[in-house]
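Trainee: Once you've had a glance at the structure underneath, I'll fire off some questions.
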Amino acid sequence: MTSPARRGKPHSSHPSRTPTAPRGEPMFQVSDALLSELEDLHPRQREAVLHPGNVVLRAGPGSGKTRTLVARTAYLLETQISAFRGVACVTYTNAAADEIRRRVTQRGVRAEGRITCTTVHAFCLNEILRAFAALTREPAPQAGQVLGDTATKVLLQHCFDAVGIAETLAQFRTGEASRIRRANACNEPLDGFDPREVAAARLYEEQLVARGEIDFEAMVTRALRIVRDNEPVRDLLHARFPHLIVDEYQDLGGVLHELVLALHDLAGITVFAVGDTDQSVYGFSGADAKYLTALASREDFRDLPLEVNYRSGQNIITHAEAALGESRGRKARDGASPGEVNAEVVEGGLDDHARVACDLAEQAEHQQVRPERIAILYPQRGPVLDTLLTELSRRGMDFLHERDDKLPAGTLSRFIQRCASSAVTNYQIHAASAEDRPSMLRRAEAPRLVALEHALKKLRTEAQLPPPASRLTLLRTLQTCLDPHSLYPMSAPAHDWLQQLRDRLTLDEIAEQHPDKDNSTSLDDFAHLCQTKGLLLQDLAQGEQVLGKILLTTYHSAKGREFDTVILPGLLNGIIPRRINHRGLWRDPNPKELAEQRRAFYVALTRAESALHLIYGPGYHTKNGYWRPDGPSDFVMEMASRLP
């Protein structure tokens, strides 16, 4: 952890950093639109928006977290910060960043060039490593120098081999290596780690430097070191971003937490952190909710909880808190329907789970629930997913399976997937009848043209390519690629559409120059996959809502999303909570792992607005055909025992 010397008051060259006007009055006039927004907020949300200093906002599921965050950003830009300064908003997904940026702009705030809303790693890369390369004389990552997941595993395996533990497979130990590296960067004890893996992790860091490469973990570590060691960098960061907003703080690891502290304690930047310890589900990657708790306990931070759930009915909230084993006292909004929670008990194995799940999805559709508002969630890949895919396909049901493990990695791949989602949605709206079209336009949640334009410009900037000569030309080109009148409906072969996208948007030029190594091969990997697997355009629409299709995805991927109806099959011991494969041997989860799996289950439960269906039974068959009569999930039985 940071030493006390680095955790004190802001640097002496900044005697007063809080950008508020005397007596707490706003520096500029509040617009009617923003004033109306503030008046419409819950008092606790309004307090969070208007608080002049640092805030930790503890925002449970459905509590209006994004609305509050957007209102805070708009309020700062409109009333607290001059036109020459801005706000940095750090999120964990590009989709969340786009949504926040879009909603701030919709409120009539002049945000162009004043809001930097991006992912954690993009912030470190673009706003610190690259922005201050000349000042720090540390070279910024160039084309292909940022290692992706595959390249990281290859280098880590080389380090395992070099220290004499070749039997340790990097594909199963990257998470442990990340935890070692983070602990080392934060000066935390390494006694709990295998000394050989510690040696391999240190060798890995040395190899990155020797090769002139960087990975996402080192990106944050180097950014932290630059901020700590360079007062001019801190001055410039504060001059540009007097306010920092951090979303999903419970998902931060130690190094990111230290970076936030350095930006606050040393650079004097005001911090607005949003998170929920109950939704901390990324411990396998080094995230720990203790950092959110530590921030909230500081005397210079205002700790504000949001207690109203605007999403779920009270029955669903009560069941979710019973499953969590902690009563948070959260209440549904006034006048909300109580919602329904149904236990569906089957007599057989997972085939019965899949059959009942599909029956429930069809029943919801018959009750006028739109298909895209129905989600079937599963804990992880395995027999539950296999049986669901078989049954959904057998019935010919329209569903979208987010096969994140199948499509190439990298930010360029993500851009292609988002373009595909927009193209599919445009086609669906175009093909709808005249009476259905207005309703579908209201329901469409695929990325908008302006958001895709912003993402493309960002990719070009990261690749150090000049901006397009004309924004209008770029928008028209994008629109052509996503035009529903084209010859590429949602069921068309994806390969032809992808080639058009590559040619019209010169994506190969970006791939060649982009620092993310995954991007250098993702286009060719995509093309090969489309040809060999016969993928359709709709198969590329990953991670976005697609109209008319039931969503099939994991608990983790559902985080941050909401649905009318949620169906949870496979609630069986051995599946949830699942046993852990450690170096080829199976074992029961330890208390920390068990608690994280319980929180993932809680996340799944709280995605539902109106209806929640829990499916369990006596056991299941493994992939090898063995029957495991382990019974219903302990999480379900404990939840039932805690209910009145």
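Residue numbering restarts at 1 for every chain of the structure tokens, chains are lettered A, B, ... in their displayed order, and ligands are numbered from 1 as they appear.
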List as a list in words the protein and nucleic acid residues near segment 73-90 of chain A, meaning an atom at most 6 Å away when only C-alpha atoms are counted, but skip any in the same chain fewer than 5 places from it.

Mentor: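 The neighbour list is Pro26, Met27, Phe28, Val104, Arg114, Ile115, Thr116, Cys117, Thr118, Thr119, Val120, Arg240, Phe241, His243, Leu244, Ile245 and Val246 of chain A.
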
Trainee: Restricting the output to N, CA and C atoms, write the selected residues as an mmCIF file, in the first residue's frame.

Mentor:
```
data_model
loop_
_atom_site.group_PDB
_atom_site.id
_atom_site.type_symbol
_atom_site.label_atom_id
_atom_site.label_comp_id
_atom_site.auth_asym_id
_atom_site.auth_seq_id
_atom_site.Cartn_x
_atom_site.Cartn_y
_atom_site.Cartn_z
ATOM 1 N N PRO A 26 -23.272 27.777 -7.168
ATOM 2 C CA PRO A 26 -22.701 27.403 -8.458
ATOM 3 C C PRO A 26 -22.003 28.577 -9.133
ATOM 4 N N MET A 27 -20.965 28.259 -9.896
ATOM 5 C CA MET A 27 -20.196 29.297 -10.560
ATOM 6 C C MET A 27 -20.955 29.883 -11.746
ATOM 7 N N PHE A 28 -21.841 29.071 -12.373
ATOM 8 C CA PHE A 28 -22.552 29.509 -13.558
ATOM 9 C C PHE A 28 -24.041 29.218 -13.385
ATOM 10 N N VAL A 104 -25.160 12.475 -21.067
ATOM 11 C CA VAL A 104 -24.728 13.828 -20.682
ATOM 12 C C VAL A 104 -25.043 14.814 -21.800
ATOM 13 N N ARG A 114 -14.775 18.331 -23.442
ATOM 14 C CA ARG A 114 -14.705 18.607 -22.004
ATOM 15 C C ARG A 114 -14.958 17.362 -21.165
ATOM 16 N N ILE A 115 -15.449 16.302 -21.771
ATOM 17 C CA ILE A 115 -15.670 15.067 -21.031
ATOM 18 C C ILE A 115 -14.861 13.954 -21.690
ATOM 19 N N THR A 116 -14.003 13.342 -20.906
ATOM 20 C CA THR A 116 -13.257 12.177 -21.364
ATOM 21 C C THR A 116 -13.856 10.972 -20.661
ATOM 22 N N CYS A 117 -14.694 10.245 -21.372
ATOM 23 C CA CYS A 117 -15.388 9.091 -20.801
ATOM 24 C C CYS A 117 -14.857 7.850 -21.492
ATOM 25 N N THR A 118 -14.149 7.024 -20.740
ATOM 26 C CA THR A 118 -13.435 5.925 -21.368
ATOM 27 C C THR A 118 -13.190 4.816 -20.361
ATOM 28 N N THR A 119 -12.607 3.727 -20.830
ATOM 29 C CA THR A 119 -12.294 2.625 -19.935
ATOM 30 C C THR A 119 -11.037 2.949 -19.123
ATOM 31 N N VAL A 120 -10.827 2.175 -18.078
ATOM 32 C CA VAL A 120 -9.679 2.379 -17.195
ATOM 33 C C VAL A 120 -8.374 2.343 -17.975
ATOM 34 N N ARG A 240 -6.494 19.913 -16.399
ATOM 35 C CA ARG A 240 -7.439 19.441 -17.411
ATOM 36 C C ARG A 240 -8.661 18.785 -16.788
ATOM 37 N N PHE A 241 -8.440 17.982 -15.729
ATOM 38 C CA PHE A 241 -9.533 17.221 -15.107
ATOM 39 C C PHE A 241 -9.594 17.513 -13.602
ATOM 40 N N HIS A 243 -12.019 17.124 -11.836
ATOM 41 C CA HIS A 243 -12.914 16.120 -11.261
ATOM 42 C C HIS A 243 -12.711 14.782 -11.970
ATOM 43 N N LEU A 244 -12.692 13.709 -11.173
ATOM 44 C CA LEU A 244 -12.588 12.347 -11.683
ATOM 45 C C LEU A 244 -13.785 11.554 -11.182
ATOM 46 N N ILE A 245 -14.481 10.885 -12.093
ATOM 47 C CA ILE A 245 -15.615 10.024 -11.749
ATOM 48 C C ILE A 245 -15.237 8.596 -12.091
ATOM 49 N N VAL A 246 -15.379 7.699 -11.118
ATOM 50 C CA VAL A 246 -15.003 6.299 -11.309
ATOM 51 C C VAL A 246 -16.232 5.424 -11.087
#
```

Trainee: Check the DSSP output for the backbone and give back, as a ChimeraX atom specification, the residues of segment 322-527 of chain A in alpha helix (DSSP H).

Mentor: /A:322-324,350-366,383-395,411-431,437-443,449-462,471-481,494-504,507-513,517-527

Trainee: Which of these, A:Leu34, A:Leu452, A:Leu263, A:Leu571, has the shortest distance to Val346 of chain A once you count only C-alpha atoms?

Mentor: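 For Val346 of chain A, the nearest of the candidates is A:Leu571.
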
Trainee: How many Å separate atom CA of Arg471 of chain A from atom CA of Leu505 of chain A?

Mentor: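 Pair atom CA of Arg471 of chain A / atom CA of Leu505 of chain A returns 12.7 Å.
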
Trainee: Using only C-alpha atoms, which residue out of A:Arg202, A:His51, A:Arg228, A:Lys331 lies closest to Ser63 of chain A?

Mentor: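 Nearest candidate to Ser63 of chain A out of A:Arg202, A:His51, A:Arg228, A:Lys331: A:Lys331.
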
Trainee: As a ChimeraX atom specification, please: every residue in segment 149-333 of chain A that a backbone DSSP assignment puts in strand (DSSP E).

Mentor: /A:243-246,270-275,301-306,308-309,331-332
